[in-house]
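Undergrad: Next up, work-v5.cif (mmCIF, C-alpha atoms and all ligand atoms).
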```cif
data_data
#
loop_
_atom_site.label_atom_id
_atom_site.label_comp_id
_atom_site.auth_asym_id
_atom_site.auth_seq_id
_atom_site.Cartn_x
_atom_site.Cartn_y
_atom_site.Cartn_z
CA MET A 1 -108.06 -116.20 -91.46
CA TYR A 2 -109.62 -114.57 -88.45
CA GLY A 3 -109.10 -110.80 -88.23
CA MET A 4 -106.88 -111.23 -85.18
CA VAL A 5 -104.13 -112.39 -87.54
CA ASN A 6 -104.22 -109.18 -89.64
CA LYS A 7 -104.56 -107.15 -86.45
CA ALA A 8 -101.40 -108.80 -85.15
CA VAL A 9 -99.50 -107.91 -88.35
CA GLU A 10 -100.73 -104.31 -87.87
CA ASP A 11 -99.64 -104.31 -84.21
CA MET A 12 -96.18 -105.63 -85.09
CA VAL A 13 -95.62 -103.04 -87.85
CA CYS A 14 -96.98 -100.11 -85.79
CA THR A 15 -94.90 -101.02 -82.72
CA GLN A 16 -91.67 -101.53 -84.64
CA PHE A 17 -91.97 -98.99 -87.48
CA GLY A 18 -94.86 -96.61 -86.72
CA GLU A 19 -98.36 -96.01 -88.02
CA SER A 20 -97.44 -94.18 -91.23
CA VAL A 21 -95.43 -97.23 -92.39
CA TRP A 22 -98.51 -99.38 -91.72
CA GLU A 23 -100.64 -97.03 -93.86
CA ASP A 24 -98.05 -97.37 -96.69
CA ILE A 25 -98.15 -101.17 -96.37
CA LYS A 26 -101.96 -101.29 -96.50
CA SER A 27 -102.10 -99.09 -99.58
CA CYS A 28 -99.33 -101.12 -101.27
CA ALA A 29 -101.37 -104.27 -100.50
CA GLY A 30 -104.58 -102.67 -101.82
CA VAL A 31 -106.28 -103.26 -98.45
CA ASP A 32 -108.82 -100.57 -97.64
CA ILE A 33 -109.87 -101.57 -94.11
CA ASP A 34 -109.49 -99.25 -91.11
CA VAL A 35 -110.22 -101.70 -88.31
CA PHE A 36 -109.91 -105.49 -88.51
CA MET A 37 -112.49 -107.38 -86.45
CA SER A 38 -110.77 -110.12 -84.40
CA ASN A 39 -113.73 -112.48 -84.61
CA GLU A 40 -114.49 -112.08 -88.29
CA ALA A 41 -112.99 -114.23 -91.03
CA TYR A 42 -111.04 -112.48 -93.81
CA PRO A 43 -109.67 -114.10 -96.99
CA ASP A 44 -106.25 -115.73 -96.46
CA GLU A 45 -105.16 -113.82 -99.56
CA MET A 46 -105.43 -110.53 -97.64
CA THR A 47 -102.94 -111.68 -94.99
CA PHE A 48 -100.50 -112.86 -97.67
CA GLN A 49 -100.85 -109.53 -99.52
CA LEU A 50 -100.09 -107.63 -96.30
CA VAL A 51 -96.98 -109.77 -95.71
CA SER A 52 -95.68 -109.27 -99.24
CA ALA A 53 -96.43 -105.52 -99.11
CA ALA A 54 -94.56 -105.33 -95.77
CA SER A 55 -91.62 -107.03 -97.45
CA GLU A 56 -91.69 -104.49 -100.29
CA VAL A 57 -92.12 -101.39 -98.13
CA LEU A 58 -89.59 -102.45 -95.45
CA LYS A 59 -87.19 -103.85 -98.06
CA ILE A 60 -86.69 -107.15 -96.23
CA PRO A 61 -87.47 -110.65 -97.58
CA ALA A 62 -91.01 -111.99 -96.99
CA GLU A 63 -89.42 -114.89 -95.03
CA ALA A 64 -87.96 -112.38 -92.55
CA VAL A 65 -91.35 -110.65 -92.20
CA LEU A 66 -92.98 -114.02 -91.44
CA GLU A 67 -90.30 -114.94 -88.87
CA ALA A 68 -90.66 -111.57 -87.12
CA PHE A 69 -94.42 -112.06 -87.19
CA GLY A 70 -94.15 -115.53 -85.60
CA GLU A 71 -92.06 -114.10 -82.76
CA HIS A 72 -94.44 -111.20 -82.28
CA TRP A 73 -97.39 -113.61 -82.22
CA VAL A 74 -95.96 -115.66 -79.35
CA LEU A 75 -94.41 -112.81 -77.35
CA HIS A 76 -97.16 -110.20 -77.71
CA THR A 77 -100.42 -111.28 -79.40
CA ALA A 78 -100.81 -114.59 -77.57
CA GLN A 79 -99.66 -113.08 -74.24
CA LYS A 80 -101.99 -110.11 -74.37
CA GLY A 81 -105.29 -111.76 -75.07
CA TYR A 82 -104.72 -115.43 -74.37
CA GLY A 83 -102.14 -115.67 -71.57
CA GLY A 84 -104.18 -118.30 -69.72
CA LEU A 85 -104.32 -120.59 -72.76
CA MET A 86 -100.57 -120.22 -73.25
CA GLN A 87 -99.72 -120.90 -69.59
CA ALA A 88 -101.97 -123.94 -69.48
CA ASN A 89 -100.06 -125.44 -72.41
CA GLY A 90 -96.76 -125.80 -70.56
CA SER A 91 -94.14 -124.03 -68.50
CA THR A 92 -91.01 -125.15 -70.38
CA LEU A 93 -90.24 -125.28 -74.10
CA PRO A 94 -90.28 -129.12 -74.37
CA GLU A 95 -93.52 -129.31 -72.38
CA PHE A 96 -95.15 -126.62 -74.53
CA LEU A 97 -94.10 -128.43 -77.73
CA ALA A 98 -95.35 -131.78 -76.45
CA ASN A 99 -98.76 -130.19 -75.82
CA LEU A 100 -98.84 -128.24 -79.10
CA PRO A 101 -100.85 -130.90 -80.99
CA GLY A 102 -103.94 -130.21 -78.83
CA PHE A 103 -103.46 -126.45 -78.57
CA HIS A 104 -105.67 -125.22 -81.42
CA SER A 105 -108.57 -127.46 -80.45
CA ARG A 106 -108.79 -125.29 -77.31
CA VAL A 107 -108.42 -122.14 -79.46
CA GLN A 108 -111.27 -123.51 -81.58
CA MET A 109 -113.66 -123.11 -78.64
CA LEU A 110 -113.13 -119.34 -78.97
CA PHE A 111 -112.96 -119.31 -82.78
CA PRO A 112 -115.37 -121.97 -84.08
CA LYS A 113 -114.58 -121.45 -87.77
CA LEU A 114 -110.83 -121.85 -87.20
CA GLN A 115 -108.95 -123.80 -89.86
CA PRO A 116 -106.09 -124.76 -87.56
CA PRO A 117 -102.62 -126.07 -88.36
CA GLY A 118 -101.87 -129.67 -87.36
CA PHE A 119 -98.81 -130.39 -85.21
CA GLU A 120 -97.29 -133.71 -84.18
CA CYS A 121 -94.11 -134.47 -82.24
CA THR A 122 -91.95 -137.53 -82.97
CA ASP A 123 -88.38 -138.63 -82.15
CA VAL A 124 -88.66 -136.92 -78.77
CA MET A 125 -85.27 -136.85 -77.01
CA GLU A 126 -84.02 -134.91 -74.01
CA ASN A 127 -82.96 -131.91 -76.10
CA SER A 128 -84.63 -132.32 -79.47
CA LEU A 129 -87.69 -133.50 -81.34
CA LYS A 130 -89.14 -133.57 -84.81
CA LEU A 131 -92.11 -131.27 -85.25
CA HIS A 132 -94.51 -132.27 -88.03
CA TYR A 133 -96.60 -129.40 -89.41
CA ARG A 134 -99.65 -129.97 -91.58
CA THR A 135 -101.76 -127.27 -93.20
CA HIS A 136 -103.81 -126.64 -96.34
CA ARG A 137 -102.09 -123.24 -96.64
CA ALA A 138 -98.83 -122.69 -98.53
CA GLY A 139 -96.01 -120.35 -97.60
CA LEU A 140 -96.08 -120.35 -93.80
CA VAL A 141 -92.90 -122.35 -93.03
CA HIS A 142 -91.06 -119.21 -91.91
CA PHE A 143 -93.99 -118.22 -89.70
CA VAL A 144 -93.55 -121.55 -87.87
CA ILE A 145 -89.78 -120.92 -87.57
CA GLY A 146 -90.54 -117.51 -86.02
CA LEU A 147 -93.07 -119.08 -83.65
CA MET A 148 -90.42 -121.53 -82.41
CA GLN A 149 -87.91 -118.71 -81.95
CA GLY A 150 -90.55 -116.76 -80.02
CA LEU A 151 -91.20 -119.76 -77.77
CA GLY A 152 -87.45 -120.04 -77.14
CA LYS A 153 -87.44 -116.41 -75.94
CA LEU A 154 -90.65 -116.88 -73.94
CA PHE A 155 -89.12 -119.80 -72.02
CA ASN A 156 -85.63 -118.29 -71.92
CA THR A 157 -84.30 -121.35 -73.75
CA PRO A 158 -81.86 -121.20 -76.69
CA VAL A 159 -83.48 -123.03 -79.62
CA THR A 160 -82.57 -123.90 -83.21
CA VAL A 161 -85.09 -124.86 -85.90
CA HIS A 162 -84.30 -126.49 -89.25
CA LEU A 163 -86.68 -127.56 -91.97
CA VAL A 164 -85.71 -131.17 -92.74
CA GLU A 165 -88.63 -132.21 -94.97
CA SER A 166 -90.40 -129.71 -97.17
CA LYS A 167 -93.87 -129.92 -98.70
CA GLU A 168 -92.78 -127.39 -101.33
CA GLN A 169 -90.06 -129.90 -102.34
CA GLY A 170 -92.54 -132.76 -102.64
CA ALA A 171 -92.69 -134.18 -99.09
CA ASP A 172 -96.09 -135.13 -97.66
CA HIS A 173 -95.84 -132.29 -95.10
CA ASP A 174 -93.20 -130.06 -93.49
CA VAL A 175 -90.97 -131.47 -90.74
CA PHE A 176 -88.73 -129.37 -88.51
CA ASP A 177 -85.81 -130.52 -86.40
CA VAL A 178 -86.13 -128.52 -83.17
CA LYS A 179 -83.18 -128.53 -80.74
CA TRP A 180 -82.86 -126.70 -77.45
CA SER A 181 -80.31 -126.28 -74.71
CA ASN A 182 -80.86 -126.37 -70.98
CA ASP A 183 -78.69 -123.29 -70.46
CA ALA A 184 -80.92 -120.26 -69.95
CA ILE A 185 -80.32 -117.25 -72.24
CA GLU A 186 -78.14 -114.72 -70.36
C1 LIG A 201 -103.39 -118.37 -77.57
C2 LIG A 201 -102.62 -118.27 -78.62
C3 LIG A 201 -103.08 -118.55 -80.03
C4 LIG A 201 -104.25 -118.24 -80.65
C5 LIG A 201 -105.45 -117.48 -80.09
C6 LIG A 201 -104.14 -118.77 -82.01
C7 LIG A 201 -105.10 -118.59 -82.99
C8 LIG A 201 -104.91 -118.78 -84.34
C9 LIG A 201 -105.74 -118.27 -85.40
C10 LIG A 201 -107.02 -117.45 -85.20
C11 LIG A 201 -105.18 -118.63 -86.57
C12 LIG A 201 -105.69 -118.34 -87.99
C13 LIG A 201 -106.37 -119.54 -88.61
C14 LIG A 201 -107.80 -119.27 -89.03
O1 LIG A 201 -108.32 -118.16 -88.77
O2 LIG A 201 -108.43 -120.19 -89.61
C15 LIG A 201 -103.98 -119.37 -86.24
C16 LIG A 201 -103.13 -119.89 -87.18
C17 LIG A 201 -101.94 -120.50 -86.89
N1 LIG A 201 -101.43 -120.78 -85.64
FE1 LIG A 201 -102.26 -120.26 -83.88
N2 LIG A 201 -102.95 -119.41 -82.18
C18 LIG A 201 -102.26 -119.30 -80.99
C19 LIG A 201 -100.99 -119.78 -80.71
C20 LIG A 201 -100.23 -120.51 -81.59
C21 LIG A 201 -98.97 -121.14 -81.27
C22 LIG A 201 -98.31 -121.11 -79.87
C23 LIG A 201 -98.55 -121.75 -82.40
C24 LIG A 201 -97.31 -122.58 -82.64
C25 LIG A 201 -96.26 -122.56 -81.90
C26 LIG A 201 -99.50 -121.47 -83.45
C27 LIG A 201 -99.39 -121.86 -84.78
C28 LIG A 201 -100.23 -121.42 -85.80
C29 LIG A 201 -99.94 -121.57 -87.22
C30 LIG A 201 -98.72 -122.21 -87.84
C31 LIG A 201 -101.01 -120.97 -87.90
C32 LIG A 201 -101.16 -120.79 -89.44
C33 LIG A 201 -102.31 -121.57 -89.99
C34 LIG A 201 -101.88 -122.71 -90.88
O3 LIG A 201 -100.73 -123.17 -90.76
O4 LIG A 201 -102.72 -123.16 -91.69
N3 LIG A 201 -100.53 -120.73 -82.92
N4 LIG A 201 -103.84 -119.47 -84.89
#
```
Taking this structure as input, can you express it in the form of structure tokens?
TA:
Amino acid sequence: MYGMVNKAVEDMVCTQFGESVWEDIKSCAGVDIDVFMSNEAYPDEMTFQLVSAASEVLKIPAEAVLEAFGEHWVLHTAQKGYGGLMQANGSTLPEFLANLPGFHSRVQMLFPKLQPPGFECTDVMENSLKLHYRTHRAGLVHFVIGLMQGLGKLFNTPVTVHLVESKEQGADHDVFDVKWSNDAIE
């Protein structure tokens, strides 16, 4: 994955736990890189090693690390460098989700070698939809859950996300039931 992903993991850990914890995580992961280059591709394996080392060092499940990372991605990484792209994709949670399927093709203009996730929305109702998530990568379901929770916070909209079909359990791809309320978070 592009270096911006590892950089975002670094930013999340340093902001929440400090730089010395990040150094511990890198050495636990066996990653000997001082500065990740946003525009360079790194092996996916490296990102997964950093996540599992973070889980070990922080003593929290890898799923929780991925969820925190998803939130951080939406609320900090995407806002900092790519606020325009985010704003153009919608100004409410349902609008943003409806436009999600085309989102990474715009990201791909900035990152030509992107191997993007595929999203599709079905069963769209006033307060819910089914979000279909397709990827060649395994193990990122909780990242998607964190992304949805981050979007809920971004749009000040209470949201719940449940995995209703799982690729790990034999389904063709992962499907999430996403529900939101129109009452703004206090
Ligand atoms: C402007 C903001 C964003 C940028 C610049 C961006 C960019 C990227 C990049 C560089 C990757 C790594 C893939 C690779 O290097 O081949 C990635 C992966 C991913 N992105 Fe985004 N993204 C953004 C926002 C979002 C949002 C809002 C969502 C969903 C709500 C999302 C969902 C994902 C997922 C699930 C992956 C994991 C890859 C996979 O499933 O195979 N991204 N994105």
Undergrad: Using only C-alpha atoms and all ligand atoms, which of A:Pro117, A:Gly81, A:Gly18, A:Gly150 sits nearest ligand LIG 201 (chain A)?
TA: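 Looking at the shortest contact to ligand LIG 201 (chain A), the residue is A:Pro117.
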Undergrad: Neighbouring residues of ligand LIG 201 (chain A) are defined here as those with any atom at most 6 Å from a ligand atom, counting all atoms listed in the file; list them as an MDAnalysis selection string.
TA: chainID A and resid 1:2 74 78 82 85:86 107 114:117 135:137 144 147:148
Undergrad: So, counting all atoms listed in the file, which residue among A:Val35, A:Met4, A:Leu131, A:Met125 is closest to A:Leu97?
TA: A:Leu131
Undergrad: Using all atoms listed in the file, which of A:Leu93, A:Ala41, A:Val9, A:Val175 sits nearest A:Thr157?
TA: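 Closest residue, counting all atoms listed in the file: A:Leu93.
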Undergrad: What is the distance, in Å and to one decimal place, between atom CA of A:Asn6 and atom CA of A:Leu50?
TA: 8.0 Å
Undergrad: Mind giving me the straight-line distance from atom CA of A:Val65 to atom CA of A:Gln169 in Å, one decimal?
TA: 21.8 Å
Undergrad: Take the point (-94.8, -131.6, -83.6) as written in the file and pick out every residue within 8 Å of it, counting all atoms listed in the file; give the list as a list in words.
TA: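 Checked against the point, the hits come out as Leu97, Ala98, Leu100, Pro101, Phe119, Glu120, Cys121, Thr122, Leu129, Lys130, Leu131, His132 and Tyr133 of chain A.
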Undergrad: For the residues in the current selection, export C-alpha atoms as a PDB file, in the frame of the given file.
TA:
```pdb
ATOM      1  CA  LEU A  97     -94.100-128.430 -77.730  1.00  0.00           C
ATOM      2  CA  ALA A  98     -95.350-131.780 -76.450  1.00  0.00           C
ATOM      3  CA  LEU A 100     -98.840-128.240 -79.100  1.00  0.00           C
ATOM      4  CA  PRO A 101    -100.850-130.900 -80.990  1.00  0.00           C
ATOM      5  CA  PHE A 119     -98.810-130.390 -85.210  1.00  0.00           C
ATOM      6  CA  GLU A 120     -97.290-133.710 -84.180  1.00  0.00           C
ATOM      7  CA  CYS A 121     -94.110-134.470 -82.240  1.00  0.00           C
ATOM      8  CA  THR A 122     -91.950-137.530 -82.970  1.00  0.00           C
ATOM      9  CA  LEU A 129     -87.690-133.500 -81.340  1.00  0.00           C
ATOM     10  CA  LYS A 130     -89.140-133.570 -84.810  1.00  0.00           C
ATOM     11  CA  LEU A 131     -92.110-131.270 -85.250  1.00  0.00           C
ATOM     12  CA  HIS A 132     -94.510-132.270 -88.030  1.00  0.00           C
ATOM     13  CA  TYR A 133     -96.600-129.400 -89.410  1.00  0.00           C
TER      14      TYR A 133
END
```
Undergrad: I need the residue nearest A:Lys26 from this list: A:Gln49, A:Ser128, A:Ser91, A:Gln149. Use only C-alpha atoms for the distance.
TA: A:Gln49
Undergrad: List every protein, DNA or RNA residue with an atom no more than 7 Å from (-92.4, -115.5, -86.9) in the file's coordinates, counting only C-alpha atoms, and format the result as number ranges by chain.
TA: A: 66-72, 142-147
Undergrad: What separation in Å, quoted to one decimal, exists between atom CA of A:Gly83 and atom CA of A:Lys113?
TA: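 Taking atom CA of A:Gly83 as the start and atom CA of A:Lys113 as the end point, the length is 21.2 Å.
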Undergrad: Within 8 Å of stretch 28-33 of chain A, counting only C-alpha atoms, which residues show up once you throw out same-chain ones fewer than 3 positions away? Write them as a PyMOL selection string, please.
TA: chain A and resi 24-25+36+46+49-50+52-53+57
Undergrad: Store the residues picked out above, limited to C-alpha atoms, as a PDB file, keeping the file's coordinate frame.
TA:
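See again02.pdb below for the written result:
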```pdb
ATOM      1  CA  ASP A  24     -98.050 -97.370 -96.690  1.00  0.00           C
ATOM      2  CA  ILE A  25     -98.150-101.170 -96.370  1.00  0.00           C
ATOM      3  CA  PHE A  36    -109.910-105.490 -88.510  1.00  0.00           C
ATOM      4  CA  MET A  46    -105.430-110.530 -97.640  1.00  0.00           C
ATOM      5  CA  GLN A  49    -100.850-109.530 -99.520  1.00  0.00           C
ATOM      6  CA  LEU A  50    -100.090-107.630 -96.300  1.00  0.00           C
ATOM      7  CA  SER A  52     -95.680-109.270 -99.240  1.00  0.00           C
ATOM      8  CA  ALA A  53     -96.430-105.520 -99.110  1.00  0.00           C
ATOM      9  CA  VAL A  57     -92.120-101.390 -98.130  1.00  0.00           C
TER      10      VAL A  57
END
```
Undergrad: Give the answer as one residue: which of A:Trp180, A:Phe17, A:Phe48, A:Phe103 has the shortest atom-to-atom distance to A:Gln87, using all atoms listed in the file?
TA: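 The answer is A:Phe103, which sits nearest to A:Gln87.
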Undergrad: Have a look at A:Asp177, A:Pro61, A:Glu10, A:Gly118 and name the one nearest to A:Glu23; count all atoms listed in the file.
TA: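 Smallest separation from A:Glu23 among the options: A:Glu10.
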Undergrad: Hey, could you pull the box centre and edge lengths for stretch 116-134 of chain A, axis-aligned, 8 Å padding per side, all listed atoms, to one decimal in Å, as JSON?
TA:
```
{"center_x": -94.5, "center_y": -131.7, "center_z": -82.8, "size_x": 39.1, "size_y": 29.9, "size_z": 33.6}
```
